[in-house]
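**Q** Below is the file structure-v4.txt, which contains compact mmCIF, N, CA and C atoms.
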# COMPACT_ATOMS: atom_id res chain seq x y z
N MET A 1 26.41 -1.40 -11.17
CA MET A 1 25.90 -0.44 -12.12
C MET A 1 26.24 0.98 -11.69
N ILE A 2 26.04 1.28 -10.42
CA ILE A 2 26.33 2.61 -9.91
C ILE A 2 27.82 2.88 -9.99
N ARG A 3 28.63 1.89 -9.66
CA ARG A 3 30.08 2.09 -9.69
C ARG A 3 30.56 2.40 -11.10
N VAL A 4 29.99 1.73 -12.08
CA VAL A 4 30.37 1.99 -13.46
C VAL A 4 29.99 3.42 -13.81
N SER A 5 28.80 3.85 -13.40
CA SER A 5 28.37 5.23 -13.67
C SER A 5 29.30 6.22 -13.01
N THR A 6 29.70 5.94 -11.78
CA THR A 6 30.61 6.82 -11.06
C THR A 6 31.93 6.94 -11.81
N ILE A 7 32.44 5.82 -12.25
CA ILE A 7 33.72 5.81 -12.97
C ILE A 7 33.60 6.58 -14.28
N ILE A 8 32.51 6.36 -15.00
CA ILE A 8 32.31 7.04 -16.28
C ILE A 8 32.25 8.55 -16.08
N ILE A 9 31.47 8.98 -15.10
CA ILE A 9 31.35 10.41 -14.84
C ILE A 9 32.69 11.00 -14.42
N ALA A 10 33.41 10.28 -13.57
CA ALA A 10 34.72 10.76 -13.13
C ALA A 10 35.68 10.90 -14.31
N VAL A 11 35.66 9.93 -15.22
CA VAL A 11 36.53 9.97 -16.39
C VAL A 11 36.16 11.16 -17.29
N ILE A 12 34.86 11.37 -17.49
CA ILE A 12 34.41 12.49 -18.33
C ILE A 12 34.83 13.81 -17.71
N LEU A 13 34.59 13.95 -16.40
CA LEU A 13 34.97 15.20 -15.74
C LEU A 13 36.48 15.40 -15.76
N SER A 14 37.24 14.32 -15.57
CA SER A 14 38.69 14.43 -15.61
C SER A 14 39.18 14.84 -16.99
N ALA A 15 38.59 14.25 -18.01
CA ALA A 15 38.97 14.61 -19.38
C ALA A 15 38.63 16.06 -19.67
N ALA A 16 37.49 16.48 -19.17
CA ALA A 16 37.09 17.88 -19.39
C ALA A 16 38.03 18.84 -18.68
N THR A 17 38.50 18.45 -17.50
CA THR A 17 39.39 19.34 -16.75
C THR A 17 40.77 19.42 -17.40
N VAL A 18 41.22 18.32 -17.99
CA VAL A 18 42.53 18.33 -18.66
C VAL A 18 42.47 19.25 -19.86
N LYS A 19 41.35 19.23 -20.59
CA LYS A 19 41.23 20.05 -21.79
C LYS A 19 40.91 21.50 -21.47
N ALA A 20 40.36 21.75 -20.31
CA ALA A 20 39.94 23.11 -19.97
C ALA A 20 41.15 24.00 -19.74
N GLN A 21 41.20 25.10 -20.46
CA GLN A 21 42.30 26.04 -20.28
C GLN A 21 42.03 26.96 -19.10
N ASN A 22 40.81 27.43 -19.00
CA ASN A 22 40.42 28.30 -17.90
C ASN A 22 39.59 27.46 -16.92
N TYR A 23 40.27 26.74 -16.08
CA TYR A 23 39.61 25.84 -15.14
C TYR A 23 38.88 26.63 -14.07
N PRO A 24 37.53 26.65 -14.10
CA PRO A 24 36.80 27.41 -13.08
C PRO A 24 37.01 26.80 -11.70
N PRO A 25 37.16 27.62 -10.68
CA PRO A 25 37.44 27.10 -9.34
C PRO A 25 36.31 26.23 -8.78
N PHE A 26 35.08 26.47 -9.21
CA PHE A 26 33.96 25.68 -8.67
C PHE A 26 33.89 24.28 -9.27
N LEU A 27 34.54 24.04 -10.41
CA LEU A 27 34.46 22.74 -11.07
C LEU A 27 35.07 21.63 -10.21
N HIS A 28 36.20 21.91 -9.59
CA HIS A 28 36.83 20.91 -8.73
C HIS A 28 35.91 20.55 -7.57
N GLU A 29 35.29 21.57 -6.98
CA GLU A 29 34.36 21.33 -5.88
C GLU A 29 33.14 20.55 -6.36
N ALA A 30 32.66 20.86 -7.55
CA ALA A 30 31.51 20.15 -8.13
C ALA A 30 31.84 18.68 -8.34
N GLU A 31 33.05 18.39 -8.80
CA GLU A 31 33.49 17.00 -8.97
C GLU A 31 33.44 16.26 -7.64
N LYS A 32 33.91 16.91 -6.59
CA LYS A 32 33.94 16.28 -5.27
C LYS A 32 32.52 16.01 -4.77
N VAL A 33 31.64 16.99 -4.92
CA VAL A 33 30.25 16.82 -4.48
C VAL A 33 29.59 15.69 -5.24
N LEU A 34 29.80 15.64 -6.55
CA LEU A 34 29.21 14.59 -7.37
C LEU A 34 29.72 13.22 -6.95
N ALA A 35 31.01 13.10 -6.72
CA ALA A 35 31.58 11.83 -6.27
C ALA A 35 31.01 11.42 -4.92
N ASP A 36 30.86 12.38 -4.01
CA ASP A 36 30.28 12.09 -2.69
C ASP A 36 28.85 11.59 -2.81
N GLU A 37 28.07 12.21 -3.69
CA GLU A 37 26.67 11.81 -3.88
C GLU A 37 26.59 10.39 -4.44
N PHE A 38 27.46 10.06 -5.39
CA PHE A 38 27.45 8.70 -5.94
C PHE A 38 27.87 7.68 -4.89
N GLN A 39 28.77 8.04 -4.01
CA GLN A 39 29.16 7.13 -2.93
C GLN A 39 27.99 6.87 -1.99
N LYS A 40 27.21 7.91 -1.69
CA LYS A 40 26.03 7.74 -0.85
C LYS A 40 25.03 6.77 -1.50
N VAL A 41 24.84 6.93 -2.81
CA VAL A 41 23.91 6.07 -3.53
C VAL A 41 24.43 4.63 -3.53
N GLU A 42 25.73 4.46 -3.71
CA GLU A 42 26.32 3.12 -3.70
C GLU A 42 26.10 2.40 -2.38
N GLN A 43 26.17 3.15 -1.29
CA GLN A 43 26.10 2.56 0.04
C GLN A 43 24.67 2.31 0.50
N ARG A 44 23.70 2.80 -0.23
CA ARG A 44 22.31 2.66 0.18
C ARG A 44 21.88 1.19 0.13
N ASP A 45 21.09 0.82 1.09
CA ASP A 45 20.56 -0.55 1.13
C ASP A 45 19.32 -0.60 0.25
N TRP A 46 19.50 -1.05 -1.00
CA TRP A 46 18.41 -1.02 -1.96
C TRP A 46 17.30 -2.00 -1.62
N GLN A 47 17.63 -3.11 -0.99
CA GLN A 47 16.60 -4.07 -0.61
C GLN A 47 15.69 -3.45 0.45
N GLN A 48 16.29 -2.76 1.40
CA GLN A 48 15.51 -2.09 2.44
C GLN A 48 14.66 -0.98 1.81
N TRP A 49 15.23 -0.22 0.87
CA TRP A 49 14.50 0.85 0.19
C TRP A 49 13.29 0.27 -0.55
N HIS A 50 13.51 -0.84 -1.25
CA HIS A 50 12.44 -1.49 -2.02
C HIS A 50 11.33 -1.95 -1.08
N SER A 51 11.70 -2.54 0.03
CA SER A 51 10.70 -2.99 1.01
C SER A 51 9.90 -1.81 1.55
N GLU A 52 10.57 -0.72 1.80
CA GLU A 52 9.90 0.48 2.30
C GLU A 52 8.90 1.02 1.28
N GLN A 53 9.29 1.01 0.01
CA GLN A 53 8.37 1.48 -1.03
C GLN A 53 7.15 0.57 -1.15
N GLU A 54 7.37 -0.73 -1.07
CA GLU A 54 6.23 -1.67 -1.10
C GLU A 54 5.30 -1.44 0.07
N ARG A 55 5.86 -1.20 1.25
CA ARG A 55 5.04 -0.94 2.43
C ARG A 55 4.22 0.33 2.24
N ARG A 56 4.85 1.36 1.71
CA ARG A 56 4.15 2.62 1.50
C ARG A 56 3.03 2.47 0.46
N ILE A 57 3.26 1.68 -0.57
CA ILE A 57 2.23 1.45 -1.59
C ILE A 57 1.06 0.69 -0.98
N ARG A 58 1.35 -0.35 -0.19
CA ARG A 58 0.27 -1.10 0.48
C ARG A 58 -0.53 -0.19 1.40
N GLN A 59 0.16 0.65 2.15
CA GLN A 59 -0.52 1.57 3.06
C GLN A 59 -1.42 2.53 2.29
N ALA A 60 -0.92 3.07 1.18
CA ALA A 60 -1.72 3.97 0.36
C ALA A 60 -2.94 3.25 -0.20
N ASP A 61 -2.74 1.99 -0.62
CA ASP A 61 -3.85 1.20 -1.14
C ASP A 61 -4.91 0.95 -0.06
N GLU A 62 -4.46 0.64 1.14
CA GLU A 62 -5.39 0.42 2.25
C GLU A 62 -6.16 1.70 2.58
N GLU A 63 -5.49 2.84 2.54
CA GLU A 63 -6.16 4.11 2.79
C GLU A 63 -7.21 4.39 1.72
N ASP A 64 -6.84 4.15 0.46
CA ASP A 64 -7.80 4.36 -0.63
C ASP A 64 -8.99 3.42 -0.48
N HIS A 65 -8.73 2.18 -0.13
CA HIS A 65 -9.80 1.20 0.07
C HIS A 65 -10.76 1.67 1.17
N ALA A 66 -10.20 2.13 2.29
CA ALA A 66 -11.03 2.60 3.40
C ALA A 66 -11.89 3.79 3.00
N ILE A 67 -11.34 4.68 2.20
CA ILE A 67 -12.09 5.85 1.74
C ILE A 67 -13.22 5.42 0.81
N CYS A 68 -12.90 4.57 -0.15
CA CYS A 68 -13.87 4.21 -1.19
C CYS A 68 -14.95 3.25 -0.70
N GLN A 69 -14.72 2.55 0.37
CA GLN A 69 -15.75 1.65 0.91
C GLN A 69 -17.01 2.43 1.28
N ARG A 70 -16.86 3.67 1.63
CA ARG A 70 -17.99 4.48 2.07
C ARG A 70 -18.85 4.98 0.92
N TYR A 71 -18.37 4.83 -0.31
CA TYR A 71 -19.09 5.35 -1.47
C TYR A 71 -19.78 4.23 -2.24
N PRO A 72 -20.95 4.53 -2.81
CA PRO A 72 -21.69 3.48 -3.54
C PRO A 72 -20.95 2.99 -4.79
N ASP A 73 -20.22 3.88 -5.46
CA ASP A 73 -19.50 3.48 -6.68
C ASP A 73 -18.03 3.28 -6.34
N TYR A 74 -17.73 2.14 -5.74
CA TYR A 74 -16.38 1.83 -5.26
C TYR A 74 -15.35 1.92 -6.40
N SER A 75 -15.65 1.31 -7.54
CA SER A 75 -14.69 1.26 -8.66
C SER A 75 -14.36 2.65 -9.16
N ASN A 76 -15.37 3.49 -9.31
CA ASN A 76 -15.13 4.85 -9.78
C ASN A 76 -14.28 5.63 -8.78
N CYS A 77 -14.57 5.44 -7.50
CA CYS A 77 -13.79 6.11 -6.45
C CYS A 77 -12.33 5.69 -6.53
N ARG A 78 -12.08 4.39 -6.68
CA ARG A 78 -10.69 3.90 -6.77
C ARG A 78 -9.99 4.46 -7.99
N GLU A 79 -10.70 4.52 -9.10
CA GLU A 79 -10.12 5.07 -10.33
C GLU A 79 -9.73 6.53 -10.14
N GLN A 80 -10.61 7.28 -9.49
CA GLN A 80 -10.33 8.70 -9.27
C GLN A 80 -9.14 8.88 -8.32
N LEU A 81 -9.09 8.10 -7.26
CA LEU A 81 -7.97 8.22 -6.34
C LEU A 81 -6.66 7.80 -7.00
N LEU A 82 -6.72 6.76 -7.83
CA LEU A 82 -5.52 6.33 -8.55
C LEU A 82 -5.06 7.42 -9.52
N ALA A 83 -6.00 8.07 -10.19
CA ALA A 83 -5.65 9.16 -11.10
C ALA A 83 -4.98 10.30 -10.33
N ILE A 84 -5.49 10.59 -9.14
CA ILE A 84 -4.89 11.63 -8.32
C ILE A 84 -3.48 11.23 -7.91
N ARG A 85 -3.31 9.97 -7.49
CA ARG A 85 -1.97 9.49 -7.11
C ARG A 85 -1.00 9.55 -8.28
N ARG A 86 -1.47 9.19 -9.46
CA ARG A 86 -0.59 9.26 -10.65
C ARG A 86 -0.16 10.69 -10.91
N GLU A 87 -1.12 11.61 -10.83
CA GLU A 87 -0.81 13.02 -11.06
C GLU A 87 0.19 13.52 -10.02
N CYS A 88 -0.01 13.13 -8.78
CA CYS A 88 0.92 13.52 -7.72
C CYS A 88 2.29 12.90 -7.94
N ALA A 89 2.32 11.63 -8.38
CA ALA A 89 3.59 10.95 -8.61
C ALA A 89 4.38 11.64 -9.72
N GLN A 90 3.69 12.10 -10.75
CA GLN A 90 4.37 12.81 -11.82
C GLN A 90 4.98 14.11 -11.32
N ALA A 91 4.37 14.67 -10.28
CA ALA A 91 4.91 15.89 -9.68
C ALA A 91 5.92 15.56 -8.59
N GLY A 92 6.13 14.26 -8.32
CA GLY A 92 7.11 13.85 -7.32
C GLY A 92 6.54 13.66 -5.93
N TYR A 93 5.21 13.59 -5.81
CA TYR A 93 4.57 13.48 -4.49
C TYR A 93 3.64 12.28 -4.42
N PHE A 94 4.13 11.08 -4.71
CA PHE A 94 3.23 9.93 -4.72
C PHE A 94 2.63 9.65 -3.35
N PHE A 95 3.45 9.72 -2.32
CA PHE A 95 2.98 9.36 -0.98
C PHE A 95 2.58 10.57 -0.14
N GLU A 96 2.96 11.74 -0.57
CA GLU A 96 2.62 12.94 0.18
C GLU A 96 1.48 13.64 -0.53
N PRO A 97 0.71 14.43 0.20
CA PRO A 97 -0.37 15.18 -0.45
C PRO A 97 0.20 16.17 -1.46
N CYS A 98 -0.44 16.27 -2.61
CA CYS A 98 0.02 17.24 -3.61
C CYS A 98 -1.10 18.24 -3.84
N ASP A 99 -0.98 19.35 -3.20
CA ASP A 99 -2.04 20.37 -3.30
C ASP A 99 -1.89 21.19 -4.56
Can I see the file as structure tokens?

**A**
Amino acid sequence: MIRVSTIIIAVILSAATVKAQNYPPFLHEAEKVLADEFQKVEQRDWQQWHSEQERRIRQADEEDHAICQRYPDYSNCREQLLAIRRECAQAGYFFEPCD
């Protein structure tokens, strides 16, 4: 899937450069950077990444459980912490504190 995306983007950029009369000097460098980034993504071990995300989710769940055990309304506490995690995730900080 990633390789197809890389090829498609490369073809689009190549077509754009052929048609461009005033080829900006930064465009060639941008093409190279984009290709390098896609190669990094291609080489990533997705199974290892997935396992790491599952571990982090379990750890976050265990932390939330430990916090909410101390409160009389366990369910409400979990709901509130989950809402906070969702809000943080939307901001890109699911596992890190989002102040």

**Q** In Å, how far is it from atom CA of Asp64 of chain A to atom CA of Arg78 of chain A?

**A**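 Rounded to one decimal, the two atoms are 6.8 Å apart.
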
**Q** Can you work out the spacing between atom C of Gln80 of chain A and atom N of Ser51 of chain A in Å, to one decimal?

**A**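 Taking atom C of Gln80 of chain A as the start and atom N of Ser51 of chain A as the end point, the length is 25.2 Å.
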
**Q** Please report the interatomic distance between atom CA of Glu62 of chain A and atom CA of Leu81 of chain A in Å with one decimal.

**A**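 If I compute the distance from atom CA of Glu62 of chain A to atom CA of Leu81 of chain A, I get 11.9 Å.
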
**Q** Hey, could you patch up segment 33-47 of chain A with N, CA, C and O atoms and hand it over as a PDB file, in the coordinates of the input?

**A**
ATOM      1  N   VAL A  33      31.640  16.990  -4.920  1.00  0.00           N
ATOM      2  CA  VAL A  33      30.250  16.820  -4.480  1.00  0.00           C
ATOM      3  C   VAL A  33      29.590  15.690  -5.240  1.00  0.00           C
ATOM      4  O   VAL A  33      28.894  14.846  -4.651  1.00  0.00           O
ATOM      5  N   LEU A  34      29.800  15.640  -6.550  1.00  0.00           N
ATOM      6  CA  LEU A  34      29.210  14.590  -7.370  1.00  0.00           C
ATOM      7  C   LEU A  34      29.720  13.220  -6.950  1.00  0.00           C
ATOM      8  O   LEU A  34      28.942  12.273  -6.809  1.00  0.00           O
ATOM      9  N   ALA A  35      31.010  13.100  -6.720  1.00  0.00           N
ATOM     10  CA  ALA A  35      31.580  11.830  -6.270  1.00  0.00           C
ATOM     11  C   ALA A  35      31.010  11.420  -4.920  1.00  0.00           C
ATOM     12  O   ALA A  35      30.686  10.246  -4.708  1.00  0.00           O
ATOM     13  N   ASP A  36      30.860  12.380  -4.010  1.00  0.00           N
ATOM     14  CA  ASP A  36      30.280  12.090  -2.690  1.00  0.00           C
ATOM     15  C   ASP A  36      28.850  11.590  -2.810  1.00  0.00           C
ATOM     16  O   ASP A  36      28.434  10.647  -2.133  1.00  0.00           O
ATOM     17  N   GLU A  37      28.070  12.210  -3.690  1.00  0.00           N
ATOM     18  CA  GLU A  37      26.670  11.810  -3.880  1.00  0.00           C
ATOM     19  C   GLU A  37      26.590  10.390  -4.440  1.00  0.00           C
ATOM     20  O   GLU A  37      25.758   9.588  -4.017  1.00  0.00           O
ATOM     21  N   PHE A  38      27.460  10.060  -5.390  1.00  0.00           N
ATOM     22  CA  PHE A  38      27.450   8.700  -5.940  1.00  0.00           C
ATOM     23  C   PHE A  38      27.870   7.680  -4.890  1.00  0.00           C
ATOM     24  O   PHE A  38      27.346   6.568  -4.857  1.00  0.00           O
ATOM     25  N   GLN A  39      28.770   8.040  -4.010  1.00  0.00           N
ATOM     26  CA  GLN A  39      29.160   7.130  -2.930  1.00  0.00           C
ATOM     27  C   GLN A  39      27.990   6.870  -1.990  1.00  0.00           C
ATOM     28  O   GLN A  39      27.777   5.749  -1.540  1.00  0.00           O
ATOM     29  N   LYS A  40      27.210   7.910  -1.690  1.00  0.00           N
ATOM     30  CA  LYS A  40      26.030   7.740  -0.850  1.00  0.00           C
ATOM     31  C   LYS A  40      25.030   6.770  -1.500  1.00  0.00           C
ATOM     32  O   LYS A  40      24.467   5.908  -0.833  1.00  0.00           O
ATOM     33  N   VAL A  41      24.840   6.930  -2.810  1.00  0.00           N
ATOM     34  CA  VAL A  41      23.910   6.070  -3.530  1.00  0.00           C
ATOM     35  C   VAL A  41      24.430   4.630  -3.530  1.00  0.00           C
ATOM     36  O   VAL A  41      23.661   3.690  -3.361  1.00  0.00           O
ATOM     37  N   GLU A  42      25.730   4.460  -3.710  1.00  0.00           N
ATOM     38  CA  GLU A  42      26.320   3.120  -3.700  1.00  0.00           C
ATOM     39  C   GLU A  42      26.100   2.400  -2.380  1.00  0.00           C
ATOM     40  O   GLU A  42      25.874   1.209  -2.336  1.00  0.00           O
ATOM     41  N   GLN A  43      26.170   3.150  -1.290  1.00  0.00           N
ATOM     42  CA  GLN A  43      26.100   2.560   0.040  1.00  0.00           C
ATOM     43  C   GLN A  43      24.670   2.310   0.500  1.00  0.00           C
ATOM     44  O   GLN A  43      24.453   1.678   1.520  1.00  0.00           O
ATOM     45  N   ARG A  44      23.700   2.800  -0.230  1.00  0.00           N
ATOM     46  CA  ARG A  44      22.310   2.660   0.180  1.00  0.00           C
ATOM     47  C   ARG A  44      21.880   1.190   0.130  1.00  0.00           C
ATOM     48  O   ARG A  44      22.262   0.453  -0.764  1.00  0.00           O
ATOM     49  N   ASP A  45      21.090   0.820   1.090  1.00  0.00           N
ATOM     50  CA  ASP A  45      20.560  -0.550   1.130  1.00  0.00           C
ATOM     51  C   ASP A  45      19.320  -0.600   0.250  1.00  0.00           C
ATOM     52  O   ASP A  45      18.223  -0.241   0.664  1.00  0.00           O
ATOM     53  N   TRP A  46      19.500  -1.050  -1.000  1.00  0.00           N
ATOM     54  CA  TRP A  46      18.410  -1.020  -1.960  1.00  0.00           C
ATOM     55  C   TRP A  46      17.300  -2.000  -1.620  1.00  0.00           C
ATOM     56  O   TRP A  46      16.133  -1.741  -1.923  1.00  0.00           O
ATOM     57  N   GLN A  47      17.630  -3.110  -0.990  1.00  0.00           N
ATOM     58  CA  GLN A  47      16.600  -4.070  -0.610  1.00  0.00           C
ATOM     59  C   GLN A  47      15.690  -3.450   0.450  1.00  0.00           C
ATOM     60  O   GLN A  47      14.471  -3.565   0.387  1.00  0.00           O
TER      61      GLN A  47
END
